[in-house]
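K.L.:
Handing over protein_30.cif, mmCIF, C-alpha atoms.
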```
data_work
#
loop_
_atom_site.label_atom_id
_atom_site.label_comp_id
_atom_site.auth_asym_id
_atom_site.auth_seq_id
_atom_site.Cartn_x
_atom_site.Cartn_y
_atom_site.Cartn_z
CA MET A 54 114.86 46.14 44.49
CA PRO A 55 116.12 42.71 43.44
CA ILE A 56 113.53 39.98 43.15
CA GLN A 57 114.29 37.21 45.60
CA SER A 58 114.03 33.79 44.13
CA VAL A 59 112.29 31.49 46.54
CA SER A 60 113.17 27.84 46.33
CA TRP A 61 110.44 25.36 45.46
CA VAL A 62 111.01 23.58 48.76
CA SER A 63 110.02 26.64 50.76
CA LYS A 64 107.07 27.22 48.41
CA THR A 65 105.87 23.66 48.98
CA LEU A 66 106.28 24.01 52.72
CA ALA A 67 104.39 27.31 52.54
CA VAL A 68 101.42 25.51 50.95
CA THR A 69 101.58 22.85 53.65
CA ARG A 70 101.82 25.45 56.39
CA LYS A 71 98.84 27.32 54.95
CA ASP A 72 96.81 24.14 55.14
CA ILE A 73 97.97 23.39 58.67
CA VAL A 74 97.08 26.90 59.85
CA SER A 75 93.64 26.83 58.25
CA GLU A 76 93.16 23.37 59.68
CA PHE A 77 93.93 24.61 63.19
CA ARG A 78 91.23 27.24 62.78
CA THR A 79 88.41 24.89 61.90
CA ARG A 80 89.80 21.45 62.77
CA TYR A 81 87.34 20.02 60.28
CA ALA A 82 89.50 17.40 58.60
CA VAL A 83 91.25 16.26 61.76
CA ASN A 84 87.96 15.82 63.55
CA ALA A 85 86.41 13.92 60.67
CA ILE A 86 89.31 11.59 60.21
CA VAL A 87 90.02 10.90 63.89
CA MET A 88 86.38 10.44 64.89
CA PHE A 89 85.79 8.12 61.95
CA ALA A 90 88.78 5.99 62.87
CA LEU A 91 87.76 5.98 66.52
CA VAL A 92 84.21 4.90 65.70
CA THR A 93 85.44 2.16 63.38
CA LEU A 94 87.87 0.91 66.00
CA THR A 95 85.12 0.89 68.62
CA VAL A 96 82.75 -1.01 66.37
CA ILE A 97 85.43 -3.58 65.62
CA SER A 98 86.32 -3.95 69.30
CA PHE A 99 82.68 -4.48 70.21
CA ALA A 100 82.07 -6.84 67.34
CA ILE A 101 85.04 -9.16 67.55
CA GLY A 102 87.10 -8.04 70.52
CA LEU A 103 85.81 -10.83 72.74
CA LEU A 104 86.37 -13.48 70.11
CA SER A 105 90.18 -13.08 70.35
CA PRO A 106 90.81 -12.59 66.65
CA SER A 107 94.05 -13.83 65.22
CA LYS A 108 96.97 -11.55 64.49
CA GLU A 109 96.45 -11.92 60.75
CA ILE A 110 92.89 -10.62 61.02
CA LEU A 111 93.95 -7.77 63.30
CA SER A 112 96.64 -6.60 60.91
CA ALA A 113 94.05 -6.50 58.12
CA LEU A 114 91.57 -4.66 60.36
CA PHE A 115 94.21 -2.09 61.25
CA TRP A 116 94.56 -1.14 57.62
CA VAL A 117 90.79 -1.25 57.08
CA ILE A 118 90.46 1.41 59.78
CA LEU A 119 93.20 3.55 58.26
CA PHE A 120 91.83 3.12 54.74
CA PHE A 121 88.27 4.14 55.56
CA ALA A 122 89.39 7.00 57.78
CA ALA A 123 91.53 8.25 54.90
CA MET A 124 88.57 7.90 52.53
CA SER A 125 86.44 10.04 54.79
CA GLY A 126 89.01 12.69 55.54
CA LEU A 127 91.36 13.19 52.59
CA ALA A 128 88.89 14.17 49.90
CA GLN A 129 88.31 17.55 51.51
CA ALA A 130 91.83 18.76 50.69
CA PHE A 131 90.74 20.24 47.38
CA ILE A 132 86.99 20.46 47.92
CA LYS A 133 87.70 22.91 50.74
CA GLU A 134 89.65 25.10 48.31
CA GLU A 135 86.92 25.04 45.69
CA GLU A 136 84.15 25.79 48.17
CA SER A 137 85.90 28.63 49.99
CA GLY A 138 86.83 30.24 46.68
CA THR A 139 90.57 30.18 47.24
CA ALA A 140 91.33 27.71 44.46
CA MET A 141 91.84 30.41 41.82
CA ILE A 142 94.35 32.31 43.92
CA LEU A 143 96.23 29.11 44.60
CA ARG A 144 96.35 28.37 40.88
CA LEU A 145 97.74 31.80 40.17
CA SER A 146 100.32 31.89 42.90
CA CYS A 147 102.41 28.81 42.19
CA ALA A 148 103.09 25.91 39.88
CA GLY A 149 100.91 22.81 39.95
CA SER A 150 103.60 20.49 41.25
CA ILE A 151 104.18 22.75 44.27
CA VAL A 152 100.49 22.60 45.14
CA PHE A 153 100.55 18.83 44.67
CA PHE A 154 103.51 18.20 46.97
CA GLY A 155 102.27 20.73 49.52
CA LYS A 156 98.85 19.08 49.71
CA MET A 157 100.39 15.63 49.74
CA LEU A 158 102.61 16.59 52.66
CA PHE A 159 99.61 17.98 54.50
CA ASN A 160 97.63 14.78 53.93
CA LEU A 161 100.61 12.78 55.14
CA LEU A 162 100.81 14.84 58.35
CA LEU A 163 97.07 14.34 58.83
CA LEU A 164 97.50 10.57 58.49
CA ILE A 165 100.52 10.48 60.78
CA THR A 166 98.55 12.39 63.42
CA LEU A 167 95.77 9.89 62.99
CA SER A 168 98.15 6.94 63.41
CA ILE A 169 99.73 8.40 66.53
CA LEU A 170 96.26 8.61 68.07
CA ILE A 171 94.92 5.30 66.78
CA VAL A 172 97.84 2.93 67.30
CA PRO A 173 97.89 3.12 71.13
CA LEU A 174 94.10 2.71 71.23
CA PHE A 175 94.32 -0.21 68.83
CA ILE A 176 96.89 -1.89 71.05
CA VAL A 177 94.82 -1.30 74.17
CA PHE A 178 91.36 -2.19 72.82
CA LEU A 179 92.32 -5.26 70.85
CA LYS A 180 95.04 -6.46 73.18
CA ILE A 181 97.71 -6.78 70.54
CA SER A 182 101.15 -5.32 70.34
CA PRO A 183 103.74 -5.43 67.56
CA ALA A 184 106.51 -7.88 68.26
CA ASP A 185 108.85 -5.79 66.18
CA TRP A 186 108.29 -2.03 66.38
CA ILE A 187 110.80 -1.12 63.68
CA ILE A 188 109.03 -3.21 61.08
CA PHE A 189 105.66 -1.94 62.25
CA THR A 190 106.60 1.74 62.15
CA GLY A 191 108.44 1.38 58.85
CA GLY A 192 105.52 -0.40 57.26
CA VAL A 193 102.96 2.09 58.53
CA LEU A 194 105.06 5.07 57.47
CA MET A 195 105.66 3.79 53.93
CA GLY A 196 102.01 2.83 53.70
CA LEU A 197 100.87 6.29 54.73
CA ILE A 198 103.23 7.92 52.26
CA GLY A 199 101.70 5.79 49.52
CA LEU A 200 98.19 6.51 50.79
CA SER A 201 98.62 10.27 50.66
CA GLY A 202 100.67 10.10 47.45
CA ALA A 203 98.09 8.15 45.51
CA THR A 204 94.96 9.86 46.87
CA THR A 205 95.97 13.51 46.52
CA ILE A 206 95.46 13.57 42.76
CA ILE A 207 92.25 11.60 43.08
CA ALA A 208 91.05 14.20 45.61
CA ALA A 209 91.81 16.87 43.01
CA ILE A 210 89.84 14.92 40.39
CA VAL A 211 86.86 14.50 42.72
CA SER A 212 86.87 18.22 43.56
CA LYS A 213 86.13 18.93 39.88
CA ALA A 214 83.19 16.57 39.72
CA SER A 215 79.76 18.04 40.24
CA VAL A 216 78.35 15.03 42.06
CA LYS A 217 80.83 14.01 44.69
CA GLY A 218 79.18 11.34 46.79
CA ALA A 219 81.21 8.20 47.22
CA LEU A 220 83.27 8.96 44.12
CA PHE A 221 86.50 9.35 46.07
CA THR A 222 86.26 5.89 47.62
CA VAL A 223 85.22 4.27 44.33
CA LEU A 224 88.17 5.80 42.48
CA SER A 225 90.74 5.25 45.22
CA PHE A 226 90.16 1.61 46.01
CA PRO A 227 91.57 -0.03 42.85
CA VAL A 228 94.52 2.34 42.98
CA LEU A 229 95.26 1.62 46.64
CA LEU A 230 94.83 -2.14 46.47
CA PRO A 231 98.53 -3.04 45.86
CA LEU A 232 99.47 -0.76 48.74
CA LEU A 233 96.94 -2.34 51.09
CA VAL A 234 98.09 -5.85 50.23
CA ALA A 235 101.75 -5.04 50.89
CA ALA A 236 101.06 -2.98 54.02
CA ILE A 237 98.82 -5.65 55.57
CA GLU A 238 101.52 -8.22 54.93
CA ILE A 239 104.20 -6.11 56.65
CA THR A 240 101.93 -5.34 59.61
CA ARG A 241 101.11 -9.03 59.94
CA VAL A 242 104.79 -9.90 60.08
CA SER A 243 105.38 -7.18 62.67
CA PHE A 244 102.56 -8.56 64.85
CA THR A 245 103.55 -12.21 64.63
CA GLY A 246 107.23 -11.48 64.87
CA GLY A 247 109.47 -12.08 61.90
CA SER A 248 112.78 -11.12 60.45
CA PHE A 249 113.55 -8.46 57.89
CA ALA A 250 113.87 -11.20 55.30
CA ASP A 251 110.15 -11.91 55.61
CA ILE A 252 109.18 -8.39 54.71
CA SER A 253 111.72 -7.68 52.00
CA ALA A 254 109.33 -8.55 49.19
CA PRO A 255 106.30 -6.54 50.36
CA PHE A 256 108.55 -3.70 51.46
CA GLN A 257 110.13 -3.46 48.03
CA LEU A 258 106.65 -3.49 46.55
CA LEU A 259 105.63 -0.68 48.91
CA VAL A 260 108.64 1.47 48.08
CA ALA A 261 108.20 0.85 44.36
CA TYR A 262 104.50 1.65 44.62
CA ASP A 263 105.16 4.88 46.53
CA VAL A 264 107.78 6.08 44.06
CA ILE A 265 105.76 5.16 40.98
CA MET A 266 102.49 6.59 42.24
CA ILE A 267 103.98 9.87 43.46
CA THR A 268 105.89 10.36 40.22
CA LEU A 269 102.85 9.53 38.10
CA SER A 270 100.59 11.78 40.15
CA SER A 271 102.97 14.73 40.00
CA MET A 272 103.20 14.33 36.22
CA LEU A 273 99.43 14.14 35.77
CA PHE A 274 98.49 16.71 38.40
CA ASP A 275 98.77 19.72 36.11
CA PHE A 276 96.18 18.24 33.75
CA VAL A 277 93.68 18.16 36.58
CA TRP A 278 94.68 21.37 38.32
CA ARG A 279 94.76 23.56 35.26
CA LEU A 280 91.26 22.75 34.06
CA MET B 240 83.83 -6.31 3.57
CA TRP B 241 85.53 -9.64 2.99
CA TRP B 242 87.00 -9.68 6.47
CA LYS B 243 83.51 -9.58 7.98
CA ILE B 244 82.74 -12.81 6.13
CA ILE B 245 85.98 -14.28 7.41
CA ILE B 246 85.09 -13.32 10.98
CA PHE B 247 81.65 -14.88 10.60
CA PHE B 248 82.88 -18.17 9.25
CA GLY B 249 85.95 -18.21 11.47
CA MET B 250 83.95 -17.65 14.63
CA SER B 251 81.39 -20.27 13.62
CA ALA B 252 84.16 -22.74 12.90
CA VAL B 253 85.74 -22.06 16.28
CA ILE B 254 82.47 -22.56 18.14
CA VAL B 255 81.72 -25.81 16.34
CA ALA B 256 85.26 -27.13 16.68
CA ALA B 257 85.32 -26.27 20.36
CA PHE B 258 82.57 -28.76 20.99
CA LEU B 259 83.37 -31.44 18.44
CA THR B 260 87.05 -31.99 19.12
CA ALA B 261 88.67 -33.42 22.20
CA SER B 262 88.58 -31.33 25.33
CA PRO B 263 91.72 -29.25 25.93
CA MET B 264 92.40 -30.93 29.24
CA ARG B 265 93.32 -34.56 29.62
CA ALA B 266 91.31 -36.48 32.20
CA ALA B 267 94.48 -37.29 34.15
CA ASP B 268 95.41 -33.61 34.59
CA SER B 269 91.99 -32.18 35.19
CA LEU B 270 90.36 -31.82 38.56
CA GLY B 271 86.79 -32.39 37.53
CA ALA B 272 84.55 -32.27 34.54
CA VAL B 273 86.84 -32.63 31.56
CA ASP B 274 84.29 -31.11 29.19
CA ALA B 275 84.12 -27.95 31.29
CA TYR B 276 87.59 -27.06 30.06
CA ARG B 277 86.10 -26.29 26.65
CA ILE B 278 85.11 -22.96 28.15
CA LEU B 279 88.80 -22.06 28.02
CA TYR B 280 88.40 -21.54 24.28
CA PHE B 281 86.03 -18.68 24.99
CA HIS B 282 86.92 -17.43 28.44
CA VAL B 283 90.60 -16.73 27.82
CA PRO B 284 90.07 -14.71 24.61
CA GLN B 285 87.35 -12.71 26.34
CA ALA B 286 89.64 -11.82 29.24
CA TRP B 287 92.40 -11.01 26.77
CA VAL B 288 90.10 -8.70 24.77
CA ALA B 289 88.95 -6.96 27.98
CA SER B 290 92.57 -6.20 28.89
CA LEU B 291 93.32 -5.15 25.32
CA ALA B 292 90.35 -2.76 25.34
CA PHE B 293 91.61 -1.19 28.54
CA LEU B 294 95.08 -0.81 27.08
CA ILE B 295 93.65 0.88 23.97
CA SER B 296 91.67 3.21 26.19
CA MET B 297 94.82 4.15 28.10
CA ILE B 298 96.74 4.85 24.88
CA TYR B 299 93.97 7.09 23.58
CA SER B 300 93.80 8.83 26.97
CA ILE B 301 97.49 9.69 26.75
CA ARG B 302 97.03 10.97 23.20
CA PHE B 303 94.07 13.04 24.32
CA LEU B 304 96.06 14.69 27.09
CA LYS B 305 98.79 15.52 24.59
CA THR B 306 96.62 16.89 21.81
CA LYS B 307 93.29 17.80 23.52
CA ASN B 308 91.49 16.33 20.51
CA MET B 309 88.00 15.21 21.61
CA GLU B 310 88.08 12.44 19.02
CA TYR B 311 90.55 10.58 21.22
CA ASP B 312 88.29 10.95 24.22
CA THR B 313 85.43 9.37 22.25
CA LYS B 314 87.71 6.52 21.20
CA ALA B 315 88.86 5.92 24.78
CA LEU B 316 85.26 5.92 26.03
CA THR B 317 84.15 3.47 23.32
CA ALA B 318 87.04 1.15 24.10
CA ASN B 319 86.06 1.15 27.76
CA LYS B 320 82.39 0.53 26.98
CA LEU B 321 83.25 -2.53 24.93
CA GLY B 322 85.90 -3.58 27.40
CA VAL B 323 83.49 -3.71 30.31
CA MET B 324 81.13 -5.93 28.34
CA PHE B 325 83.91 -8.38 27.57
CA ALA B 326 85.12 -8.21 31.17
CA VAL B 327 81.66 -9.09 32.50
CA VAL B 328 81.38 -12.02 30.12
CA ALA B 329 84.88 -13.18 31.03
CA THR B 330 84.06 -13.03 34.74
CA VAL B 331 80.86 -15.01 34.30
CA THR B 332 82.46 -17.72 32.13
CA GLY B 333 85.40 -17.90 34.54
CA SER B 334 83.03 -18.30 37.45
CA ILE B 335 81.18 -21.11 35.69
CA PHE B 336 84.50 -22.81 35.00
CA ALA B 337 85.49 -22.39 38.65
CA LYS B 338 82.23 -23.99 39.78
CA MET B 339 82.68 -27.00 37.54
CA THR B 340 86.31 -27.68 38.32
CA TRP B 341 86.90 -26.42 41.86
CA GLY B 342 83.35 -26.59 43.15
CA GLU B 343 82.75 -22.96 44.03
CA PHE B 344 81.62 -19.95 42.04
CA TRP B 345 84.02 -17.54 43.64
CA ASN B 346 87.21 -17.74 45.67
CA TRP B 347 89.28 -14.80 46.79
CA SER B 348 92.51 -16.77 46.95
CA GLU B 349 92.61 -17.33 43.18
CA ILE B 350 94.57 -14.47 41.65
CA ARG B 351 92.88 -14.60 38.27
CA GLU B 352 89.48 -14.11 39.84
CA VAL B 353 90.76 -11.23 41.94
CA SER B 354 92.37 -9.57 38.91
CA ILE B 355 89.27 -9.67 36.74
CA PHE B 356 87.17 -8.41 39.66
CA ILE B 357 89.50 -5.46 40.15
CA LEU B 358 89.31 -4.79 36.40
CA LEU B 359 85.52 -4.61 36.76
CA LEU B 360 85.92 -2.19 39.70
CA ILE B 361 88.24 -0.06 37.59
CA TYR B 362 85.73 0.08 34.75
CA GLY B 363 83.02 0.92 37.29
CA GLY B 364 85.12 3.75 38.70
CA TYR B 365 85.76 5.12 35.21
CA PHE B 366 82.06 5.24 34.36
CA ALA B 367 81.20 6.63 37.80
CA LEU B 368 83.61 9.51 37.17
CA ARG B 369 82.23 10.13 33.70
CA SER B 370 78.68 10.35 34.97
CA ALA B 371 79.69 12.64 37.84
CA VAL B 372 81.09 15.41 35.66
CA SER B 373 78.77 17.48 33.49
CA ASP B 374 81.12 19.67 31.46
CA PRO B 375 82.44 17.70 28.40
CA ASP B 376 85.92 19.23 28.44
CA THR B 377 86.44 18.63 32.14
CA ARG B 378 84.97 15.17 31.79
CA ALA B 379 87.36 14.25 28.99
CA ASN B 380 90.41 15.52 30.87
CA LEU B 381 89.54 13.89 34.17
CA SER B 382 88.65 10.56 32.55
CA ALA B 383 91.94 10.55 30.68
CA VAL B 384 93.92 11.18 33.86
CA ILE B 385 92.08 8.53 35.88
CA SER B 386 92.47 6.08 32.99
CA ILE B 387 96.23 6.39 33.15
CA ILE B 388 96.33 6.09 36.94
CA PHE B 389 94.11 3.01 36.81
CA ALA B 390 96.25 1.44 34.10
CA VAL B 391 99.38 1.74 36.24
CA ALA B 392 97.55 0.36 39.25
CA ALA B 393 96.22 -2.51 37.12
CA LEU B 394 99.75 -3.28 35.95
CA PHE B 395 100.77 -3.60 39.58
CA LEU B 396 97.88 -5.91 40.33
CA ILE B 397 98.23 -8.17 37.31
CA PHE B 398 101.98 -8.51 37.02
CA VAL B 399 103.60 -7.65 40.33
CA LEU B 400 101.34 -9.10 43.00
CA PRO B 401 101.06 -12.67 41.68
CA ARG B 402 104.83 -12.93 41.36
CA ILE B 403 105.50 -11.81 44.90
CA TYR B 404 102.71 -13.36 46.81
CA GLY B 405 102.35 -16.94 47.89
CA LEU B 406 99.08 -15.98 49.51
CA PHE B 407 97.38 -15.77 46.14
CA SER B 408 98.26 -19.17 44.77
CA GLN B 409 96.47 -21.68 46.95
CA HIS B 410 94.48 -23.04 44.07
CA PRO B 411 96.13 -25.11 41.41
CA SER B 412 96.67 -22.51 38.78
CA ASP B 413 94.42 -22.97 35.78
CA SER B 414 96.44 -23.46 32.69
CA ILE B 415 95.72 -20.22 30.94
CA LEU B 416 97.55 -17.03 30.54
CA ASN B 417 101.23 -17.44 31.05
CA GLU B 418 102.41 -20.87 31.99
CA SER B 419 102.43 -24.54 31.30
CA GLY B 420 99.05 -24.55 29.51
CA GLN B 421 100.93 -23.49 26.44
CA ILE B 422 103.24 -26.40 26.55
CA THR B 423 100.74 -29.12 27.27
CA MET B 424 98.33 -28.08 24.56
CA GLY B 425 98.06 -30.53 21.74
CA ALA B 426 98.19 -29.43 18.10
CA THR B 427 94.41 -29.42 17.53
CA VAL B 428 93.79 -27.61 20.77
CA ARG B 429 96.42 -25.02 19.90
CA ILE B 430 94.84 -24.34 16.51
CA ILE B 431 91.37 -23.88 17.93
CA PHE B 432 92.60 -21.80 20.84
CA PHE B 433 94.63 -19.38 18.76
CA SER B 434 91.91 -19.11 16.12
CA SER B 435 89.49 -18.26 18.89
CA LEU B 436 91.91 -15.63 20.17
CA ILE B 437 92.28 -14.11 16.71
CA MET B 438 88.54 -14.24 16.00
CA PHE B 439 87.62 -12.57 19.29
CA THR B 440 90.18 -9.83 18.74
CA ALA B 441 88.93 -9.29 15.19
CA LEU B 442 85.35 -9.20 16.47
CA PHE B 443 86.32 -6.62 19.04
CA PHE B 444 87.99 -4.38 16.49
CA TRP B 445 85.01 -4.67 14.15
CA VAL B 446 82.51 -3.66 16.83
CA TYR B 447 84.95 -0.98 18.05
CA ASN B 448 85.26 0.48 14.58
CA LEU B 449 81.47 0.57 14.18
CA SER B 450 80.95 2.15 17.62
CA VAL B 451 83.54 4.87 16.99
CA ARG B 452 81.95 5.72 13.66
CA VAL B 453 78.50 5.89 15.25
CA ALA B 454 79.84 8.15 18.01
CA ARG B 455 81.51 10.39 15.46
CA LEU B 456 78.34 10.62 13.37
CA SER B 457 76.17 11.45 16.37
CA ALA B 458 78.65 14.11 17.48
CA ASN B 459 78.56 15.64 14.00
CA LEU B 460 74.78 15.49 14.03
CA LEU B 461 74.74 17.33 17.34
CA LEU B 462 76.94 20.05 15.88
CA GLU B 463 74.73 20.27 12.77
CA ASN B 464 71.61 20.70 14.87
CA LYS B 465 73.20 23.45 16.90
CA LYS B 466 74.11 25.49 13.84
#
```
Transcribe the structure of this file into structure tokens.
P.N.:
Amino acid sequence: MPIQSVSWVSKTLAVTRKDIVSEFRTRYAVNAIVMFALVTLTVISFAIGLLSPSKEILSALFWVILFFAAMSGLAQAFIKEEESGTAMILRLSCAGSIVFFGKMLFNLLLLITLSILIVPLFIVFLKISPADWIIFTGGVLMGLIGLSGATTIIAAIVSKASVKGALFTVLSFPVLLPLLVAAIEITRVSFTGGSFADISAPFQLLVAYDVIMITLSSMLFDFVWRL
Amino acid sequence: MWWKIIIFFGMSAVIVAAFLTASPMRAADSLGAVDAYRILYFHVPQAWVASLAFLISMIYSIRFLKTKNMEYDTKALTANKLGVMFAVVATVTGSIFAKMTWGEFWNWSEIREVSIFILLLIYGGYFALRSAVSDPDTRANLSAVISIIFAVAALFLIFVLPRIYGLFSQHPSDSILNESGQITMGATVRIIFFSSLIMFTALFFWVYNLSVRVARLSANLLLENKK
């Protein structure tokens, strides 16, 4: 019987689908990430909602919520594998880069789900709405791609550490700082209303950051995965 | 042996000359205490050595990942240990300089202060990871990977962000690393400044050499005791 060669795209999507299915069973990561973002948003609304914060502050707060929700929810991608004992099988069944892109895609879907839930609430609670939705969506999407791209390998690193604690946040923050700066800038422009010329510089930075970080992570992933 | 004597006398000469000659900043250009600018002779080389140490650590991390030779991991760790010391000193001297010229110890809108702070966070993250992993092989691999990721992120922060962002240049830029300070320096100032740079670098390499040899000896001793 001839051996069918399966393309790496379908292998990657298989890893993502596996994660989605197991996520539907327990809903652990989705709950953690959505509840964390919801709580943060509520705290912010209570704390400064009545003070009518400026659009600049709100754009920064938006990314603070996303950043901390990501910190609480994305580390479990590999820790879950190690703890349930399925990491070995995953190592045996496919190449490292496939696992990396599959997990990264799953984290991205998790973050997109989070954004779809949080953005309407953000608009309602804090009484702000993007003046330009294209810029807003584009900025958030590129930012989330960078967020999942840069943190997937750090999640893998943290899963190997014996004392996990706040290690994921400590390691991710310096790496994510350029992304946060650019994303906050784009979101600010989308709130206050601006042209595409205003965001060209941060957007280029965001795209460059995404490409560089994903490439670097995929190159280094095998060194972490194959330990 | 002779170069140690040169470092001793050279460093002493730099320290004496820094206080006996004219201050590097003319009263007309400076914003405050003219004498405070003497700290530039020390602060800039310290920041330069901290960045150099981090670069050395990254190079040894790459070599470790290629060859899996633990010697390189020791060298990378030593470079980071020395680097963090220089970074702390650079931050403190920079903060003193900021207080004397701009009136405040810290200001988030000054890019140089933000960069050195992020460098400290990166060093902190590196040591946090090292202390969180107990197995030496895993520790070496993970530290090497995070070193490379941090280095790329640091490159973004130091070179890309200041060029793109107006929001980080509200302060008059102090005349150090890459611009007109070079041109306005008089001949005496230039001599002292570059000697200071050379002396600090030489000092770093001397201490680095000693630390690596100590680490190597203690590792050998450990092996001897186990036999």
K.L.:
Using only C-alpha atoms, find which residues of chain A lie within 6 Å of chain B and jot them down as a ChimeraX atom specification.
P.N.:
/A:214-216,223-224,228
K.L.:
Just give me the gap between CA of Trp116 in chain A and CA of Leu94 in chain A in Å, one decimal is fine.
P.N.:
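Computing the Euclidean distance for CA of Trp116 in chain A and CA of Leu94 in chain A yields 10.9 Å.
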K.L.:
Near Phe121 in chain A, within 12 Å and counting only C-alpha atoms, which residues show up once chain neighbours fewer than 2 positions away are dropped, as a compact mmCIF listing (two decimals) with C-alpha atoms, keeping the file's coordinate frame?
P.N.:
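Saved the output as part.txt:
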```
# COMPACT_ATOMS: atom_id res chain seq x y z
CA ALA A 85 86.41 13.92 60.67
CA ILE A 86 89.31 11.59 60.21
CA VAL A 87 90.02 10.90 63.89
CA MET A 88 86.38 10.44 64.89
CA PHE A 89 85.79 8.12 61.95
CA ALA A 90 88.78 5.99 62.87
CA LEU A 91 87.76 5.98 66.52
CA VAL A 92 84.21 4.90 65.70
CA THR A 93 85.44 2.16 63.38
CA LEU A 94 87.87 0.91 66.00
CA LEU A 114 91.57 -4.66 60.36
CA PHE A 115 94.21 -2.09 61.25
CA TRP A 116 94.56 -1.14 57.62
CA VAL A 117 90.79 -1.25 57.08
CA ILE A 118 90.46 1.41 59.78
CA LEU A 119 93.20 3.55 58.26
CA ALA A 123 91.53 8.25 54.90
CA MET A 124 88.57 7.90 52.53
CA SER A 125 86.44 10.04 54.79
CA GLY A 126 89.01 12.69 55.54
CA LEU A 127 91.36 13.19 52.59
CA ALA A 128 88.89 14.17 49.90
CA LEU A 164 97.50 10.57 58.49
CA LEU A 200 98.19 6.51 50.79
CA ALA A 219 81.21 8.20 47.22
CA PHE A 221 86.50 9.35 46.07
CA THR A 222 86.26 5.89 47.62
CA VAL A 223 85.22 4.27 44.33
CA SER A 225 90.74 5.25 45.22
CA PHE A 226 90.16 1.61 46.01
CA LEU A 229 95.26 1.62 46.64
CA LEU A 233 96.94 -2.34 51.09
```
K.L.:
Could you give me, as number ranges by chain, the residues within 12 Å of Asn160 in chain A, counting all atoms listed in the file and dropping anything in the same chain fewer than 3 positions from it?
P.N.:
A: 68-70, 72-73, 76, 82-83, 86, 122-124, 126-131, 153-157, 163-167, 197-206, 208
K.L.:
Given all atoms listed in the file as the basis, pick out the residue of A:Phe99, A:Phe159, A:Phe175, A:Phe244 nearest to Phe189 in chain A.
P.N.:
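Checking each candidate against Phe189 in chain A, we get A:Phe244 as the closest.
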K.L.:
Residues at most 9 Å from range 439-443 of chain B, counting only C-alpha atoms, excluding those fewer than 6 positions away in the same chain, as an NGL selection string?
P.N.:
:B and (242-243 or 246-247 or 250 or 281 or 284-285 or 287-288 or 291-292 or 321-322)
